[in-house]
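A.B. asks: Before I ask anything, let me first share the structure, which is written out below as C-alpha cells.
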Amino acid sequence: MEARWVGPVVGAVLFIVAALVPYVADGYWMSIAVTIAMYTALATSWALFSGPTHYISLASGAFFGIGGYLVATAMSDYQLSFWLMLFIAPIVSAVVAALIGFATLRLSGVYFVIFTLGLAEMIRNLVSWVQNNFLGSRGLYVLTDFTEDHIYWMLLAVCLAIFLFGWWLSRNRLGFALKIIGNDEEVAKHVGINTALSKVILFTTTGFFGALVGVIIAPRYSYIEPNQVFSPELSFLVVIMALLGGAHRLWGPLVGVIPFTLIWEAITISFPNSTTLFLGIAFLLIVYFIPNGFAGLIEKYWSRMRA
Amino acid sequence: MIRRTLLKVCASTAMAAAVGLTMTLGAHAADTVKIGAVAPKTGPLAGGAVVTQWPNVELWVKQVNARGGLKLKDGQKKIELIEYDDKTNPAEHIKAVQRLATQDKVDFIVAPFGTGFNIAAAPIYAKYGYPQIAVSAISDKIEELTQRYPNLFFTLGTTTSFAEGVRDILVKMKNDGKIGNKIAMVNVADAFGIELADAARPLFKEAGFEIVYDKSYPLGTPDLSPVMKGAKASNPDAFVAWSYPPDTFALAEQAIIENLDVKAYYSAVATCFPAFGGKFGSKINGVLGAGGVNVSSDKMQAYRAAHKEITGKDADYWASANTYVSLQILEQAIEGVGSLDKEAVTQYIKDNTFDTIMGDIKFENQFSNKFWTVGQWQDGVFHGVSSVNVDGALPVIAKGGWN
C-alpha cells in the first residue's frame, strides 16, 4: 500500500469503530464520548486555522454560542425546526466570522487574539440586549427527542466533515498558502498570495463548524442561558486541548482531546472539591514535559521505531 | 533522564485515572442507601448552591443517619452520600448524573440546583427512573415539561406567579394609599431576568400602574449607579428589580447611596439570603424580595435551629426550606414504600400527601401549588407577605427610608 493512503485508511477504520461506540457504551461512557466528539470537532476545526497561521483564536465560545442561542430562540419563540436551524445557524456564524476576519485579520496576531478574547462576551451582551429590548423571551427551551446516541452520531458526522475538509485542504493551494503565511507573512505577500483573504476564508470555516456544534449540543442542554453557551471557558479549553495534542497535524487535536477528557474526569471523581487545582498541576506537568503535544511525542517514537 | 521522568509522569497520570475510575466501582455495600447529589461547588451558581442546596443535603443526611437511617421493610439503613461538583456547567452536570446512575449505581438522586440544570438533567432521571423533585427551578413550561418527563416534580412555582405576587402586593399597597401608581422597573438582561420582566410588564399595566422607567443592564455589570440614578430621576412610587444575586446586593447599595425615596422596593433573587440582611442591617427594613417563610411555625423554627446547629449556617428565607421539604418528601416516600424501588417511590410521591416543615404538600400533575412568592425584611427577619396557598403571611409595610 502506498504511504499516502495509510492515513485515510486508518482514519476510515477509526471512524467506523467510533460510530459503533453507542452500541457498547453505557450512559456514563456515552456522556464522555459526546464530550470527546464535541471537543474533537471544535479543536480540529480550530487547528485548521490556527495551526498553520499561528493566529491563536479565542473565538470558539462565540461561534458555539451563536449556534446554541439561535437554535434555542428559533425553536422556543418562532416554532422553527431544529433541522432548519442546523442549516441556518452555521451560515449566520460563518458570516459573522467573515466580518470579524475582514476587520481584524489584516492586523498582526496580537490584536487578533485580544479581539477574539472579548468576542464571546460581546456577542452575548449584544444578543441579550436585542432579546431584552426587541424580542422578549419566556425562556429558551430546546426540547427534542434526541438521545445522547443521536447527538453523538451527529457530532461524529461533523468530525468526519472537518477531517475530510482538512485532508482536502492539505493537498490544495489554499492550505499551502496558509503554511507559507504561518512561516513568514511578508514572504507570502511577496510571492503574490492574498494573505488577508486566505486567512479570512479559513477563519470563516472555524465559525461555521463552531456554530454547527453549538446547534447539535443545544438539545443536550435543553434550556439555554446566554451566559452558559457563550462561555469564554470553552474557548480556552479548545485551545488547551488542541495544543496538548499538537496543532501541526490534522489528527493532533484528537490525541489531545481524548487524554484531556479522561484526565479531567479522573480528577473530577477523585478530588471533587479541588478539581481546578489538580487540573492546573496536571496541565503544568504536561506543558513542561510534552511541549510539542502528544502528536509530537507520537511522531518522535514512531520515527525512532522505524530507524 | 528527562525521558524517564516523562514516563513516570505518564504512568502516574494513567494510574490516577485508573484509580479514579475504579474507586467509583468498588465500595458497594448493600447495607446502606446510596444517595447522589450533583450541584455547583464552583462557578457562577456556586454562591447560591452553598447557601440553599448543599447545607440542606448535609443536614438531612445527618439527621436521617442520626436516627438510625431510613426504615425499610428489610431493616433500617443509613444513607451513604455521593456528591459531585458540576462546576455550573451543563455538560459536566450531565456526565456526573450519568456517573451516579451507571457507575455508582445510586438508589436516589437529589434534584439539581438551577432551572437550566433541572431541565438538562430531566431526560437522564427519566431514562433511569429516578424521581426528580426539583426545587430551584422556576418555569412557565411546567405542564409541558411534566408531561414529557413523568418523574419530574416542581415545587417552587412558575415565572408568572412570581410576577403576579409582586403585582398583588403593589396593588394592595396602592389600594391602602401607601403608594401611587408609578413603577420604575429594571432587570438583568439574562434568561430569568428577561422572562420575569416580560411577564411583569403586561401585569403591571393591566393593574393600572404606569411603568415610568424600564431599563435592563447586562449580567455582571459592576457599576449600577447609572441605573439607580435613572430610576430615581423618574420619580417612581415603587421600584422593582428582576435581579440576580450580585446585582441584588449592588442595587441595594446604590439605593442607599442615592437615597431612593420609594415606599415599595423589590429585588428578586438573593434578597432572602441571611447575608443580605447581615450586610445592610436596619437600612433594608421594608425591602421586598422573592421568596419568604413563615418563621412563626414551630416546625420551621425547629428546622432553622437544626440547620444552624448542624451546618453552622443560617438557612435562607426561601428555597432552603423548600429544598429540605423535597428531601422530606423523598424520605417519606421511600419509607412509605419500604424499599428502594424507584418506580414505586415515584408513584408514591404522585399519590400521597406529605407532612413537611411547610405543612402538608401534595402534588397535582407533578406540581405542588404551594409556595411563597414575596417576602419582606421586617425587623431583621425576612417574612413571607404573599404566597400561593401557604398560611402565615404577614401584612406588608411601607418602606420608610434607608436608615
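Simple scheme: letters A, B, ... for chains in C-alpha cells order, numbers from 1 for residues in each chain, numbers from 1 for ligands in the order shown.
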Write out, as a Markdown table, each residue of chain A that has an atom at most 6 Å from chain B, together with the closest pair of atoms and their distance in Å to one decimal, counting only C-alpha atoms, rows going by chain and rising number.

C.D. replies:
```
| residue | atom | partner | partner_atom | distance |
| --- | --- | --- | --- | --- |
| A:Gly27 | CA | B:Gln98 | CA | 5.8 |
| A:Tyr28 | CA | B:Gln98 | CA | 4.6 |
| A:Ser31 | CA | B:Lys95 | CA | 5.4 |
| A:Ser128 | CA | B:Ala189 | CA | 5.7 |
| A:Asn132 | CA | B:Ile194 | CA | 6.0 |
| A:Ser137 | CA | B:Glu195 | CA | 5.5 |
| A:Arg138 | CA | B:Glu195 | CA | 4.9 |
| A:Tyr221 | CA | B:Ala120 | CA | 4.8 |
| A:Ser222 | CA | B:Ala120 | CA | 5.1 |
| A:Tyr223 | CA | B:Gly116 | CA | 5.1 |
| A:Glu225 | CA | B:Ala191 | CA | 5.5 |
| A:Ile263 | CA | B:Ala17 | CA | 5.9 |
| A:Ala266 | CA | B:Ala17 | CA | 4.7 |
| A:Ile269 | CA | B:Gly20 | CA | 6.0 |
| A:Ser270 | CA | B:Gly20 | CA | 5.3 |
| A:Pro272 | CA | B:Tyr84 | CA | 5.8 |
```

A.B. asks: Could you write those residues out with C-alpha atoms, as a short mmCIF file (atom, residue, chain, number, x, y, z; two decimals), in the first residue's frame?

C.D. replies:
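Everything below was put into part29.cif:
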```cif
data_model
loop_
_atom_site.label_atom_id
_atom_site.label_comp_id
_atom_site.auth_asym_id
_atom_site.auth_seq_id
_atom_site.Cartn_x
_atom_site.Cartn_y
_atom_site.Cartn_z
CA GLY A 27 -24.91 6.11 29.66
CA TYR A 28 -21.85 7.30 31.51
CA SER A 31 -21.65 11.19 28.06
CA SER A 128 -29.15 39.62 25.37
CA ASN A 132 -34.41 42.14 26.11
CA SER A 137 -38.47 35.85 25.97
CA ARG A 138 -40.30 33.27 28.02
CA TYR A 221 -28.63 21.29 27.48
CA SER A 222 -32.40 21.63 26.83
CA TYR A 223 -32.60 25.07 28.47
CA GLU A 225 -28.95 30.57 29.12
CA ILE A 263 -7.74 13.01 33.00
CA ALA A 266 -10.44 11.17 36.83
CA ILE A 269 -14.06 11.95 40.57
CA SER A 270 -11.06 11.75 42.85
CA PRO A 272 -14.47 16.73 43.76
#
```

A.B. asks: From segment 228-325 of chain B, collect each residue whose DSSP state is alpha helix (DSSP H) and return the set as JSON, numbers by chain.

C.D. replies: {"B": [228, 229, 230, 231, 232, 233, 245, 246, 247, 248, 249, 250, 251, 252, 253, 254, 255, 256, 257, 258, 274, 275, 276, 277, 278, 279, 280, 298, 299, 300, 301, 302, 303, 304, 305, 306, 307, 308, 309, 310, 311, 319, 320, 321, 322, 323, 324, 325]}

A.B. asks: Do you know which residues are at most 9 Å from segment 251-263 of chain B counting only C-alpha atoms, after dropping those on the same chain fewer than 6 positions away, and could you put them as a list of chain:residue names?

C.D. replies: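 That gives B:Lys178, B:Ile179, B:Leu224, B:Ser225, B:Val227, B:Met228, B:Lys229, B:Ala231, B:Lys232, B:Asn235, B:Pro236, B:Asp237, B:Ala238, B:Phe239, B:Ala241, B:Ser243, B:Phe280, B:Lys283, B:Ile284, B:Gly286, B:Ile397, B:Ala398, B:Lys399, B:Gly400, B:Gly401, B:Trp402, B:Asn403.
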
A.B. asks: Between B:Phe363, B:Val33, B:Thr52, B:Val388, which is the closest to Thr146 of chain B once you count only C-alpha atoms?

C.D. replies: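 When distances to Thr146 of chain B are compared using only C-alpha atoms, the smallest one comes from B:Phe363.
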
A.B. asks: Check segment 219-336 of chain B with DSSP on the backbone and list each residue it calls strand (DSSP E), as a list in words.

C.D. replies: Ala238, Phe239, Val240, Ala241, Trp242, Ala264, Tyr265, Tyr266, Ser267, Leu288, Gly289 and Ala290 of chain B

A.B. asks: Using only C-alpha atoms, can you tell me which of A:Asn133, A:Leu86, A:Ala98, A:Asn292 comes closest to Val186 of chain B?

C.D. replies: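 Of the candidates, the smallest distance to Val186 of chain B is held by A:Asn133.
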
A.B. asks: Fewer than 6 positions away in the same chain doesn't count, so skip those; otherwise give me all residues within 9 Å of Leu70 of chain B, counting only C-alpha atoms, as a count of residues only.

C.D. replies: 10

A.B. asks: Compile the contact shell of Ala18 of chain A as a list of chain:residue names: residues with an atom at most 10 Å away, counting only C-alpha atoms, same-chain residues fewer than 4 positions apart removed.

C.D. replies: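 Here the answer would be A:Ala12, A:Val13, A:Leu14, A:Pro22, A:Ala33, A:Ala37, A:Tyr152, A:Trp153, A:Leu156.
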
A.B. asks: Taking C-alpha atoms for each residue, export the selection above as a PDB file, in the first residue's frame.

C.D. replies:
```pdb
ATOM      1  CA  ALA A  12     -11.791   5.377   7.947  1.00  0.00           C
ATOM      2  CA  VAL A  13     -11.361   2.336  10.192  1.00  0.00           C
ATOM      3  CA  LEU A  14     -11.251   4.502  13.319  1.00  0.00           C
ATOM      4  CA  PRO A  22     -23.139   3.730  21.228  1.00  0.00           C
ATOM      5  CA  ALA A  33     -17.966  10.068  24.215  1.00  0.00           C
ATOM      6  CA  ALA A  37     -16.701  14.186  19.924  1.00  0.00           C
ATOM      7  CA  TYR A 152     -23.029  11.657  19.342  1.00  0.00           C
ATOM      8  CA  TRP A 153     -23.635  10.458  15.790  1.00  0.00           C
ATOM      9  CA  LEU A 156     -19.258  12.340  14.629  1.00  0.00           C
TER      10      LEU A 156
END
```

A.B. asks: Atom CA of Val295 of chain B and atom CA of Asp355 of chain B are how many Å apart?

C.D. replies: 17.1 Å

A.B. asks: I'd like the contact shell of Gly51 of chain A - 12 Å cut-off, only C-alpha atoms, skipping same-chain residues fewer than 5 positions apart - returned as a PyMOL selection string.

C.D. replies: chain A and resi 43-46+56-57+166+170+175+178-183+199+202-203+239+242-243+245-253

A.B. asks: Mind writing the picked residues with C-alpha atoms as an mmCIF file, in the first residue's frame?

C.D. replies:
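Written out: selection.cif:
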```cif
data_model
loop_
_atom_site.group_PDB
_atom_site.id
_atom_site.type_symbol
_atom_site.label_atom_id
_atom_site.label_comp_id
_atom_site.auth_asym_id
_atom_site.auth_seq_id
_atom_site.Cartn_x
_atom_site.Cartn_y
_atom_site.Cartn_z
ATOM 1 C CA ALA A 43 -10.367 21.670 18.399
ATOM 2 C CA THR A 44 -9.707 20.171 14.962
ATOM 3 C CA SER A 45 -11.527 22.963 13.193
ATOM 4 C CA TRP A 46 -9.649 25.450 15.392
ATOM 5 C CA ILE A 56 -4.432 31.974 18.357
ATOM 6 C CA SER A 57 -8.188 32.358 18.082
ATOM 7 C CA GLY A 166 -8.708 19.265 6.413
ATOM 8 C CA SER A 170 -3.659 19.784 2.905
ATOM 9 C CA GLY A 175 -3.627 25.026 2.507
ATOM 10 C CA LEU A 178 -1.605 29.191 4.764
ATOM 11 C CA LYS A 179 1.571 27.299 5.580
ATOM 12 C CA ILE A 180 3.630 29.987 3.885
ATOM 13 C CA ILE A 181 1.740 32.712 5.740
ATOM 14 C CA GLY A 182 2.483 30.926 9.013
ATOM 15 C CA ASN A 183 6.194 30.745 8.255
ATOM 16 C CA LYS A 199 -6.883 33.807 6.466
ATOM 17 C CA LEU A 202 -10.176 29.614 6.932
ATOM 18 C CA PHE A 203 -11.436 31.624 9.893
ATOM 19 C CA VAL A 239 -7.051 25.874 22.655
ATOM 20 C CA ALA A 242 -5.590 21.358 20.579
ATOM 21 C CA LEU A 243 -2.145 22.406 21.842
ATOM 22 C CA GLY A 245 -2.443 17.197 21.084
ATOM 23 C CA GLY A 246 -0.455 19.262 18.624
ATOM 24 C CA ALA A 247 -1.872 21.737 16.126
ATOM 25 C CA HIS A 248 0.547 20.902 13.316
ATOM 26 C CA ARG A 249 -1.153 17.622 12.387
ATOM 27 C CA LEU A 250 -4.730 17.026 11.326
ATOM 28 C CA TRP A 251 -5.083 14.258 13.908
ATOM 29 C CA GLY A 252 -3.162 16.222 16.561
ATOM 30 C CA PRO A 253 -6.154 17.738 18.419
#
```
